[in-house]
$ cat data12.txt   # compact mmCIF, N, CA and C atoms
# COMPACT_ATOMS: atom_id res chain seq x y z
N CYS A 1 9.94 148.85 125.88
CA CYS A 1 10.90 149.88 126.27
C CYS A 1 11.68 150.33 125.03
N PRO A 2 12.32 151.47 125.10
CA PRO A 2 13.06 151.96 123.93
C PRO A 2 14.18 151.02 123.49
N VAL A 3 14.82 150.35 124.44
CA VAL A 3 15.91 149.44 124.08
C VAL A 3 15.35 148.23 123.33
N CYS A 4 14.24 147.67 123.82
CA CYS A 4 13.62 146.53 123.14
C CYS A 4 13.18 146.93 121.73
N LEU A 5 12.60 148.10 121.61
CA LEU A 5 12.15 148.57 120.29
C LEU A 5 13.34 148.67 119.33
N LYS A 6 14.45 149.18 119.81
CA LYS A 6 15.66 149.29 118.98
C LYS A 6 16.12 147.90 118.54
N TYR A 7 16.20 146.95 119.49
CA TYR A 7 16.63 145.59 119.17
C TYR A 7 15.71 144.95 118.13
N LEU A 8 14.40 145.11 118.32
CA LEU A 8 13.43 144.48 117.44
C LEU A 8 13.46 145.08 116.04
N ARG A 9 13.65 146.38 115.95
CA ARG A 9 13.76 147.01 114.63
C ARG A 9 15.01 146.53 113.91
N GLU A 10 16.10 146.37 114.66
CA GLU A 10 17.32 145.85 114.05
C GLU A 10 17.11 144.41 113.58
N LEU A 11 16.46 143.60 114.41
CA LEU A 11 16.18 142.22 114.02
C LEU A 11 15.32 142.19 112.76
N GLU A 12 14.32 143.06 112.71
CA GLU A 12 13.46 143.10 111.52
C GLU A 12 14.27 143.43 110.26
N SER A 13 15.24 144.32 110.39
CA SER A 13 16.05 144.69 109.22
C SER A 13 16.90 143.52 108.72
N LEU A 14 17.14 142.53 109.59
CA LEU A 14 17.96 141.38 109.23
C LEU A 14 17.16 140.22 108.65
N ILE A 15 15.84 140.31 108.66
CA ILE A 15 14.98 139.22 108.20
C ILE A 15 15.33 138.76 106.78
N PRO A 16 15.54 139.67 105.82
CA PRO A 16 15.87 139.18 104.47
C PRO A 16 17.11 138.28 104.44
N GLU A 17 18.10 138.61 105.23
CA GLU A 17 19.32 137.78 105.28
C GLU A 17 19.03 136.42 105.91
N TYR A 18 18.25 136.40 107.00
CA TYR A 18 17.87 135.12 107.61
C TYR A 18 17.09 134.26 106.63
N GLU A 19 16.13 134.88 105.92
CA GLU A 19 15.32 134.12 104.96
C GLU A 19 16.17 133.61 103.80
N ARG A 20 17.14 134.40 103.38
CA ARG A 20 18.05 133.97 102.31
C ARG A 20 18.77 132.69 102.73
N ARG A 21 19.00 132.54 104.02
CA ARG A 21 19.70 131.37 104.54
C ARG A 21 18.73 130.26 104.95
N GLY A 22 17.44 130.45 104.67
CA GLY A 22 16.45 129.42 104.94
C GLY A 22 15.93 129.40 106.37
N THR A 23 16.05 130.51 107.08
CA THR A 23 15.63 130.57 108.48
C THR A 23 14.43 131.50 108.63
N LYS A 24 13.48 131.09 109.45
CA LYS A 24 12.34 131.94 109.78
C LYS A 24 12.62 132.65 111.10
N VAL A 25 12.14 133.86 111.25
CA VAL A 25 12.39 134.67 112.44
C VAL A 25 11.07 134.98 113.14
N ILE A 26 11.05 134.84 114.45
CA ILE A 26 9.90 135.22 115.25
C ILE A 26 10.40 135.80 116.57
N ALA A 27 9.78 136.88 117.01
CA ALA A 27 10.06 137.45 118.32
C ALA A 27 9.02 136.88 119.28
N ILE A 28 9.47 136.42 120.43
CA ILE A 28 8.56 135.82 121.40
C ILE A 28 8.61 136.64 122.67
N SER A 29 7.45 136.99 123.18
CA SER A 29 7.34 137.88 124.33
C SER A 29 6.57 137.22 125.47
N SER A 30 6.90 137.61 126.67
CA SER A 30 6.11 137.17 127.82
C SER A 30 4.91 138.10 128.03
N ASP A 31 4.82 139.13 127.22
CA ASP A 31 3.67 140.05 127.29
C ASP A 31 2.38 139.35 126.88
N VAL A 32 1.27 139.93 127.31
CA VAL A 32 -0.04 139.46 126.84
C VAL A 32 -0.21 139.89 125.39
N GLN A 33 -1.21 139.34 124.73
CA GLN A 33 -1.42 139.59 123.31
C GLN A 33 -1.50 141.08 122.97
N ALA A 34 -2.26 141.84 123.71
CA ALA A 34 -2.45 143.27 123.38
C ALA A 34 -1.13 144.04 123.42
N ARG A 35 -0.32 143.77 124.44
CA ARG A 35 0.98 144.47 124.54
C ARG A 35 1.91 144.05 123.42
N ALA A 36 1.94 142.76 123.10
CA ALA A 36 2.79 142.27 122.02
C ALA A 36 2.36 142.86 120.68
N GLN A 37 1.05 142.95 120.45
CA GLN A 37 0.56 143.52 119.20
C GLN A 37 0.91 145.01 119.09
N GLU A 38 0.88 145.72 120.21
CA GLU A 38 1.25 147.14 120.19
C GLU A 38 2.73 147.28 119.82
N MET A 39 3.58 146.44 120.37
CA MET A 39 5.01 146.49 120.03
C MET A 39 5.21 146.10 118.57
N ALA A 40 4.50 145.10 118.10
CA ALA A 40 4.60 144.69 116.70
C ALA A 40 4.23 145.84 115.77
N ARG A 41 3.22 146.60 116.15
CA ARG A 41 2.80 147.75 115.35
C ARG A 41 3.92 148.79 115.27
N LYS A 42 4.64 148.98 116.36
CA LYS A 42 5.73 149.96 116.39
C LYS A 42 6.95 149.48 115.62
N VAL A 43 7.18 148.18 115.58
CA VAL A 43 8.38 147.63 114.95
C VAL A 43 8.27 147.64 113.44
N GLY A 44 7.18 147.15 112.89
CA GLY A 44 7.03 147.07 111.45
C GLY A 44 6.21 145.86 111.07
N THR A 45 6.21 145.54 109.80
CA THR A 45 5.29 144.53 109.30
C THR A 45 5.93 143.17 109.03
N ASN A 46 7.24 143.09 108.98
CA ASN A 46 7.87 141.83 108.58
C ASN A 46 8.15 140.87 109.72
N LEU A 47 8.31 141.38 110.93
CA LEU A 47 8.66 140.54 112.06
C LEU A 47 7.41 139.95 112.69
N ARG A 48 7.38 138.63 112.79
CA ARG A 48 6.25 137.95 113.43
C ARG A 48 6.47 137.93 114.93
N PHE A 49 5.38 138.00 115.69
CA PHE A 49 5.45 138.03 117.14
C PHE A 49 4.65 136.90 117.76
N GLY A 50 5.23 136.28 118.76
CA GLY A 50 4.52 135.36 119.64
C GLY A 50 4.36 136.06 120.97
N TYR A 51 3.46 135.58 121.80
CA TYR A 51 3.21 136.25 123.07
C TYR A 51 2.82 135.23 124.14
N SER A 52 2.75 135.72 125.36
CA SER A 52 2.36 134.92 126.54
C SER A 52 3.34 133.79 126.85
N LEU A 53 4.63 134.00 126.54
CA LEU A 53 5.64 133.03 126.93
C LEU A 53 5.67 132.98 128.45
N PRO A 54 5.45 131.81 129.05
CA PRO A 54 5.49 131.72 130.52
C PRO A 54 6.87 132.13 131.05
N LEU A 55 6.89 132.86 132.14
CA LEU A 55 8.16 133.30 132.71
C LEU A 55 9.03 132.12 133.15
N THR A 56 8.39 131.01 133.52
CA THR A 56 9.17 129.82 133.88
C THR A 56 9.96 129.30 132.68
N VAL A 57 9.36 129.37 131.50
CA VAL A 57 10.06 128.95 130.28
C VAL A 57 11.15 129.96 129.93
N ALA A 58 10.84 131.25 130.04
CA ALA A 58 11.84 132.29 129.77
C ALA A 58 13.07 132.07 130.65
N ARG A 59 12.84 131.75 131.92
CA ARG A 59 13.95 131.50 132.85
C ARG A 59 14.74 130.25 132.41
N GLN A 60 14.03 129.20 131.95
CA GLN A 60 14.71 127.99 131.46
C GLN A 60 15.58 128.31 130.26
N TRP A 61 15.17 129.26 129.45
CA TRP A 61 15.94 129.67 128.28
C TRP A 61 17.12 130.56 128.66
N GLY A 62 17.25 130.89 129.94
CA GLY A 62 18.36 131.72 130.40
C GLY A 62 18.08 133.20 130.38
N LEU A 63 16.82 133.59 130.19
CA LEU A 63 16.49 135.01 130.19
C LEU A 63 16.35 135.52 131.62
N TYR A 64 16.71 136.76 131.85
CA TYR A 64 16.55 137.39 133.15
C TYR A 64 15.10 137.82 133.32
N ILE A 65 14.61 137.71 134.54
CA ILE A 65 13.26 138.15 134.88
C ILE A 65 13.39 139.38 135.75
N SER A 66 12.70 140.46 135.37
CA SER A 66 12.76 141.71 136.11
C SER A 66 11.42 142.03 136.73
N SER A 67 11.47 142.85 137.77
CA SER A 67 10.27 143.34 138.44
C SER A 67 9.95 144.73 137.95
N SER A 68 8.68 145.05 137.92
CA SER A 68 8.24 146.36 137.47
C SER A 68 8.75 147.47 138.39
N ARG A 69 9.05 148.58 137.77
CA ARG A 69 9.37 149.80 138.51
C ARG A 69 8.29 150.85 138.24
N GLY A 70 7.11 150.36 137.85
CA GLY A 70 6.02 151.29 137.53
C GLY A 70 6.05 151.65 136.07
N LYS A 71 6.15 152.93 135.79
CA LYS A 71 6.18 153.39 134.40
C LYS A 71 7.60 153.43 133.88
N SER A 72 7.75 153.04 132.62
CA SER A 72 9.07 153.06 131.97
C SER A 72 9.46 154.48 131.61
N SER A 73 10.65 154.64 131.04
CA SER A 73 11.15 155.96 130.64
C SER A 73 10.30 156.60 129.54
N ILE A 74 9.50 155.78 128.85
CA ILE A 74 8.61 156.33 127.82
C ILE A 74 7.16 156.32 128.29
N ASN A 75 6.99 156.26 129.62
CA ASN A 75 5.68 156.39 130.26
C ASN A 75 4.72 155.25 129.95
N VAL A 76 5.26 154.04 129.86
CA VAL A 76 4.45 152.84 129.64
C VAL A 76 4.50 152.02 130.92
N GLU A 77 3.35 151.59 131.42
CA GLU A 77 3.29 150.79 132.63
C GLU A 77 3.88 149.41 132.37
N GLU A 78 4.86 149.04 133.18
CA GLU A 78 5.48 147.71 133.05
C GLU A 78 4.63 146.67 133.74
N PRO A 79 4.63 145.42 133.24
CA PRO A 79 3.93 144.35 133.96
C PRO A 79 4.67 144.07 135.28
N PRO A 80 4.01 143.43 136.24
CA PRO A 80 4.66 143.16 137.53
C PRO A 80 5.99 142.40 137.39
N LEU A 81 6.01 141.39 136.53
CA LEU A 81 7.24 140.65 136.20
C LEU A 81 7.31 140.49 134.69
N PHE A 82 8.52 140.56 134.16
CA PHE A 82 8.68 140.42 132.71
C PHE A 82 10.06 139.88 132.39
N SER A 83 10.18 139.24 131.23
CA SER A 83 11.49 138.73 130.80
C SER A 83 12.23 139.81 130.04
N GLU A 84 13.52 139.84 130.26
CA GLU A 84 14.38 140.77 129.53
C GLU A 84 14.69 140.20 128.14
N PRO A 85 15.09 141.04 127.19
CA PRO A 85 15.42 140.53 125.87
C PRO A 85 16.60 139.57 125.90
N GLY A 86 16.59 138.64 124.98
CA GLY A 86 17.71 137.69 124.92
C GLY A 86 17.89 137.18 123.52
$ encode --input "data12.txt" --output "structure tokens"
Amino acid sequence: CPVCLKYLRELESLIPEYERRGTKVIAISSDVQARAQEMARKVGTNLRFGYSLPLTVARQWGLYISSSRGKSSINVEEPPLFSEPG
């Protein structure tokens, strides 16, 4: 979604500061590999992505789980259930 893309681009811009402090950054998604790779392509080259995070784990981490409303505002089909950014 556009909001996730904005958050991820901002996170990517902060990577040099995290690395300066000795921290590695990875974005983890409940999306399947193909969807995560498509988002990674849109975000840029420095942010690493993980994918297929089980929704049960996302819920344990305190993330909200949402239901699909069909196509998003940018005309992308949402998965039936997905974790919100956190």
$ closest_residue --input "data12.txt" --among "A:Ala40, A:Thr23, A:Ser30, A:Glu10" --to "A:Pro54" --atoms "only N, CA and C atoms"
A:Ser30
$ residues_around --input "data12.txt" --residues "A:Gly44" --least-positions-apart "5" --cutoff "9 Å" --atoms "only C-alpha atoms" --output "list in words"
Arg9, Glu12 and Met39 of chain A
$ atom_distance --input "data12.txt" --atom1 "atom N of A:Pro85" --atom2 "atom C of A:Tyr18"
21.7 Å
$ closest_residue --input "data12.txt" --among "A:Val43, A:Leu81, A:Ala36, A:Ile28" --to "A:Leu8" --atoms "only N, CA and C atoms"
A:Val43
$ closest_residue --input "data12.txt" --among "A:Tyr51, A:Val76, A:Arg41, A:Phe82" --to "A:Tyr64" --atoms "all atoms listed in the file"
A:Phe82
$ residues_around --input "data12.txt" --residues "A:Ser83" --least-positions-apart "6" --cutoff "7 Å" --atoms "only C-alpha atoms" --output "number ranges by chain"
A: 30, 55, 58, 63-66
$ atom_distance --input "data12.txt" --atom1 "atom C of A:Pro79" --atom2 "atom C of A:Val32"
11.8 Å
$ select_by_dssp --input "data12.txt" --residues "chain A" --states "helix (DSSP H, G or I)" --output "PyMOL selection string"
chain A and resi 2-20+33-43+55-60
$ select_by_dssp --input "data12.txt" --residues "chain A" --states "strand (DSSP E or B)" --output "list in words"
Ile26, Ala27, Ile28, Arg48, Phe49, Gly50, Ile65, Ser66, Ser67, Lys71, Glu77, Leu81, Phe82 and Ser83 of chain A
$ write_last_selection --input "data12.txt" --atoms "N, CA and C atoms" --output "PDB file, in the frame of the given file"
ATOM      1  N   ILE A  26      11.050 134.840 114.450  1.00  0.00           N
ATOM      2  CA  ILE A  26       9.900 135.220 115.250  1.00  0.00           C
ATOM      3  C   ILE A  26      10.400 135.800 116.570  1.00  0.00           C
ATOM      4  N   ALA A  27       9.780 136.880 117.010  1.00  0.00           N
ATOM      5  CA  ALA A  27      10.060 137.450 118.320  1.00  0.00           C
ATOM      6  C   ALA A  27       9.020 136.880 119.280  1.00  0.00           C
ATOM      7  N   ILE A  28       9.470 136.420 120.430  1.00  0.00           N
ATOM      8  CA  ILE A  28       8.560 135.820 121.400  1.00  0.00           C
ATOM      9  C   ILE A  28       8.610 136.640 122.670  1.00  0.00           C
ATOM     10  N   ARG A  48       7.380 138.630 112.790  1.00  0.00           N
ATOM     11  CA  ARG A  48       6.250 137.950 113.430  1.00  0.00           C
ATOM     12  C   ARG A  48       6.470 137.930 114.930  1.00  0.00           C
ATOM     13  N   PHE A  49       5.380 138.000 115.690  1.00  0.00           N
ATOM     14  CA  PHE A  49       5.450 138.030 117.140  1.00  0.00           C
ATOM     15  C   PHE A  49       4.650 136.900 117.760  1.00  0.00           C
ATOM     16  N   GLY A  50       5.230 136.280 118.760  1.00  0.00           N
ATOM     17  CA  GLY A  50       4.520 135.360 119.640  1.00  0.00           C
ATOM     18  C   GLY A  50       4.360 136.060 120.970  1.00  0.00           C
ATOM     19  N   ILE A  65      14.610 137.710 134.540  1.00  0.00           N
ATOM     20  CA  ILE A  65      13.260 138.150 134.880  1.00  0.00           C
ATOM     21  C   ILE A  65      13.390 139.380 135.750  1.00  0.00           C
ATOM     22  N   SER A  66      12.700 140.460 135.370  1.00  0.00           N
ATOM     23  CA  SER A  66      12.760 141.710 136.110  1.00  0.00           C
ATOM     24  C   SER A  66      11.420 142.030 136.730  1.00  0.00           C
ATOM     25  N   SER A  67      11.470 142.850 137.770  1.00  0.00           N
ATOM     26  CA  SER A  67      10.270 143.340 138.440  1.00  0.00           C
ATOM     27  C   SER A  67       9.950 144.730 137.950  1.00  0.00           C
ATOM     28  N   LYS A  71       6.150 152.930 135.790  1.00  0.00           N
ATOM     29  CA  LYS A  71       6.180 153.390 134.400  1.00  0.00           C
ATOM     30  C   LYS A  71       7.600 153.430 133.880  1.00  0.00           C
ATOM     31  N   GLU A  77       3.350 151.590 131.420  1.00  0.00           N
ATOM     32  CA  GLU A  77       3.290 150.790 132.630  1.00  0.00           C
ATOM     33  C   GLU A  77       3.880 149.410 132.370  1.00  0.00           C
ATOM     34  N   LEU A  81       6.010 141.390 136.530  1.00  0.00           N
ATOM     35  CA  LEU A  81       7.240 140.650 136.200  1.00  0.00           C
ATOM     36  C   LEU A  81       7.310 140.490 134.690  1.00  0.00           C
ATOM     37  N   PHE A  82       8.520 140.560 134.160  1.00  0.00           N
ATOM     38  CA  PHE A  82       8.680 140.420 132.710  1.00  0.00           C
ATOM     39  C   PHE A  82      10.060 139.880 132.390  1.00  0.00           C
ATOM     40  N   SER A  83      10.180 139.240 131.230  1.00  0.00           N
ATOM     41  CA  SER A  83      11.490 138.730 130.800  1.00  0.00           C
ATOM     42  C   SER A  83      12.230 139.810 130.040  1.00  0.00           C
TER      43      SER A  83
END
$ atom_distance --input "data12.txt" --atom1 "atom N of A:Tyr7" --atom2 "atom CA of A:Ala27"
11.4 Å
$ axis_aligned_box --input "data12.txt" --around "stretch 43-49 of chain A" --padding-each-side "3 Å" --output "JSON"
{"center_x": 6.7, "center_y": 142.5, "center_z": 113.2, "size_x": 10.0, "size_y": 17.3, "size_z": 15.2}
